[in-house]
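Structure first, commentary second.
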Amino acid sequence: MTKNATIQVGSLNRRQVTISIAIIGVMFFMFGFVSWVNAILIPYFKIACELNNFQAYLVTFAFYISYFIMSVPASYLLKSTGFKRGMMTGFWIMAAGAFLFVPAAATRTYGIFLVALFILGTGLAILQTAANPYITILGPKERAAQRISIMGICNKAAGILAPLIFAAVVLRATDSDLFRQLPLMSEAQKDAALDELISRVIVPYICVGVFLFLLGLMIRFSPLPDIDTEQESPEIRQANEGKSGILQFPHLVLGAVAIFLHVGTQVIAIDTIIGYAGSMNIPLLEAKVFPSYTLFCTICGYVTGILLIPKFISQVKALQICTMLGTLFSLLIIFAKGQISLLGHQADISIWFVVLLGLANSLIWAGIWPLALEGLGKFTKLGASVLIMGLSGNAILPVIYGHFADLHGLREAYWVLVPCYLYLVYYAVYGHRVRHWSVKSSEGKVAVQ
């Protein structure tokens, strides 16, 4: 078999599957590192570029709106180039975005930072469009949530490290004093201080860009096989007979909405927690660890899923439990009040329910993907791109949160989570079983069955 050969999943031996999972695991680690560093970029840019809450959360908007714009083109790119060349292209596009941080920092221009983040997100959209269906079909479907949970550990472990490494490299022990003195400085002094602050990202992002370029090269010449998703079993071919478009799969469309809401709630839980801690008078250098707490809870959920699915609990049941926990924790963020001391932090108890959203979110992504892609056959790549478009929820929901935070307060803005989790409960319980759109002409209503 040549390096560029396209093979079917059933023809892979155990060693090939293990190597493939390990390589995809490295990719998910990089996805996490580049994505979750946004949790500290938001308060960092808010200070360095003098932004309000809405403007600061444009970091997530610029990064994740690229998923909506680029996911379908990414599926056609992968179809023409294959998985490996497409992944290499994705890493190189990400590298270009990282290098664009240099002129952005040199001029302290927030708009250029947003363009750089959009380019980083574009590359990541290509990689996610390839990697998620790849790991979903790389083995028995009843263990898909288990494999995705392993990838989730790689992703969230990077997410724990990313804010801490960024803070260690970019922030200094004296910055707390600097942040307090900024309002007292003259305009010239403030500009000089902020220019020096923002210039600290130049060297780290040059290093990230070089690493991403080399990683793309490594993927291109790795033993990772290209998998054929165009072939259909006779059962799937018969079930999909007469279907000419992706919108004829209601469980996929409803799943894409679920992905949109899930990823948005996940990013809100991680990227807003530093700002929420700040509202409790917890300084940035102390608050920087809170995203890591949330991600640690997510990893605990992943480990639980790996141990329990499918031997003790089905991936559908795990999805139902997690969505219900998300609804409960969201309400507790809003209504639970009282100061407690935990892990060395004196804070309102509600912030720990934001942390616990990491546990609730842990198995939702892993539960939605195999359910939404089930039975798509030759539509799998395009279906995956539709699900990846749902990642634009990362762009939209944090901005909505930021808007309501400016209007009503940081705690009250968490109300945006409640309807999101209620929809996720619907998909987990019923929506994933919908296989046909139907129109009740007598009532003029569209229904699903």
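If you're wondering about the labels, chains in the structure tokens are A, B, ... by order shown, residues count from 1 in each chain, ligands from 1 in order shown.
Excluding A:Asn281 itself and any same-chain residue fewer than 4 positions from it, the protein and nucleic acid residues within 12 Å of it, counting only C-alpha atoms, are Ile274, Gly275, Tyr276, Ala277, Leu285, Glu286, Ala287, His345, Gln346, Ala347 and Asp348 of chain A.
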Hey, what's within 12 Å of stretch 118-121 of chain A if we count only C-alpha atoms and toss same-chain stuff fewer than 2 positions away? As a JSON list (two decimals) with C-alpha atoms, in the first residue's frame, please?
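Just written: around21.json:
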[["chain", "number", "residue", "atom", "x", "y", "z"],
["A", 30, "MET", "CA", -2.74, 21.33, 19.12],
["A", 31, "PHE", "CA", -6.41, 22.17, 18.48],
["A", 32, "GLY", "CA", -6.82, 22.62, 22.21],
["A", 33, "PHE", "CA", -3.66, 24.65, 22.71],
["A", 34, "VAL", "CA", -4.50, 27.15, 19.97],
["A", 35, "SER", "CA", -8.21, 27.35, 20.86],
["A", 38, "ASN", "CA", -8.32, 32.50, 23.92],
["A", 58, "LEU", "CA", -14.79, 39.50, 19.40],
["A", 59, "VAL", "CA", -11.69, 37.34, 19.97],
["A", 60, "THR", "CA", -13.91, 34.26, 20.02],
["A", 61, "PHE", "CA", -16.14, 35.66, 17.26],
["A", 62, "ALA", "CA", -13.23, 36.19, 14.84],
["A", 63, "PHE", "CA", -11.69, 32.81, 15.70],
["A", 64, "TYR", "CA", -14.82, 30.68, 15.40],
["A", 65, "ILE", "CA", -16.89, 32.42, 12.72],
["A", 66, "SER", "CA", -14.34, 30.99, 10.29],
["A", 67, "TYR", "CA", -15.85, 27.56, 10.99],
["A", 68, "PHE", "CA", -19.19, 28.71, 9.59],
["A", 69, "ILE", "CA", -17.60, 30.28, 6.52],
["A", 70, "MET", "CA", -14.95, 27.66, 5.75],
["A", 71, "SER", "CA", -16.38, 24.27, 6.79],
["A", 89, "THR", "CA", -2.85, 22.67, 4.33],
["A", 90, "GLY", "CA", -4.84, 23.34, 7.49],
["A", 91, "PHE", "CA", -1.71, 23.46, 9.65],
["A", 92, "TRP", "CA", 0.05, 25.79, 7.22],
["A", 93, "ILE", "CA", -2.90, 28.18, 7.18],
["A", 94, "MET", "CA", -2.82, 28.19, 10.98],
["A", 95, "ALA", "CA", 0.90, 28.98, 10.86],
["A", 96, "ALA", "CA", 0.17, 32.01, 8.66],
["A", 97, "GLY", "CA", -2.34, 33.24, 11.23],
["A", 98, "ALA", "CA", 0.20, 32.85, 14.05],
["A", 99, "PHE", "CA", 2.82, 34.83, 12.11],
["A", 100, "LEU", "CA", 0.28, 37.65, 11.58],
["A", 101, "PHE", "CA", 0.40, 38.29, 15.34],
["A", 111, "GLY", "CA", -8.28, 44.61, 13.95],
["A", 112, "ILE", "CA", -5.14, 42.82, 12.71],
["A", 113, "PHE", "CA", -5.27, 40.52, 15.74],
["A", 114, "LEU", "CA", -8.85, 39.63, 14.79],
["A", 115, "VAL", "CA", -7.80, 38.88, 11.19],
["A", 116, "ALA", "CA", -4.98, 36.68, 12.51],
["A", 123, "GLY", "CA", -6.92, 26.36, 9.31],
["A", 124, "LEU", "CA", -8.50, 24.75, 12.33],
["A", 125, "ALA", "CA", -11.83, 24.42, 10.49],
["A", 126, "ILE", "CA", -10.09, 22.33, 7.82],
["A", 127, "LEU", "CA", -8.41, 20.16, 10.44],
["A", 128, "GLN", "CA", -11.59, 19.67, 12.46],
["A", 129, "THR", "CA", -13.56, 18.78, 9.32],
["A", 205, "TYR", "CA", 3.55, 33.34, 18.32],
["A", 208, "VAL", "CA", 3.85, 28.65, 17.48],
["A", 209, "GLY", "CA", 3.87, 29.47, 13.75],
["A", 212, "LEU", "CA", 2.50, 24.50, 13.19],
["A", 388, "ILE", "CA", -18.22, 21.81, 11.97],
["A", 389, "MET", "CA", -20.23, 24.83, 10.82],
["A", 391, "LEU", "CA", -18.69, 25.49, 15.78],
["A", 392, "SER", "CA", -19.67, 29.04, 14.84],
["A", 394, "ASN", "CA", -18.26, 29.61, 19.67],
["A", 395, "ALA", "CA", -18.35, 32.91, 17.78]]
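The list of residues with at least one atom within 10 Å of A:Thr327, based on only C-alpha atoms and without residues fewer than 4 positions apart in the same chain, reads A:Cys322, A:Thr323, A:Leu331, A:Leu332, A:Leu357, A:Ala360, A:Leu417, A:Val418, A:Pro419, A:Cys420, A:Tyr421, A:Leu422, A:Tyr423, A:Leu424, A:Val425.
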| If you run DSSP on this backbone, which residues of stretch 248-415 of chain A come out as alpha helix (DSSP H), and could you give them as a PyMOL selection string? | chain A and resi 250-271+273-278+284-287+290-308+315-335+350-361+364-373+380-389+393-408
| request: Might you pull out every residue within 12 Å of stretch 398-403 of chain A, with only C-alpha atoms counted and same-chain residues fewer than 6 positions away left off, and present them as a VMD selection string? | output: chain A and resid 38 to 39 42 51 to 65 260 to 273 275 to 276 392 409 to 417
| request: Name the residues in contact with A:Ile160 at a cut-off of 12 Å, using only C-alpha atoms, excluding same-chain residues fewer than 3 positions from it; report them as a VMD selection string. | output: chain A and resid 29 32 to 40 153 to 157 163 to 167 270 288 to 299 358
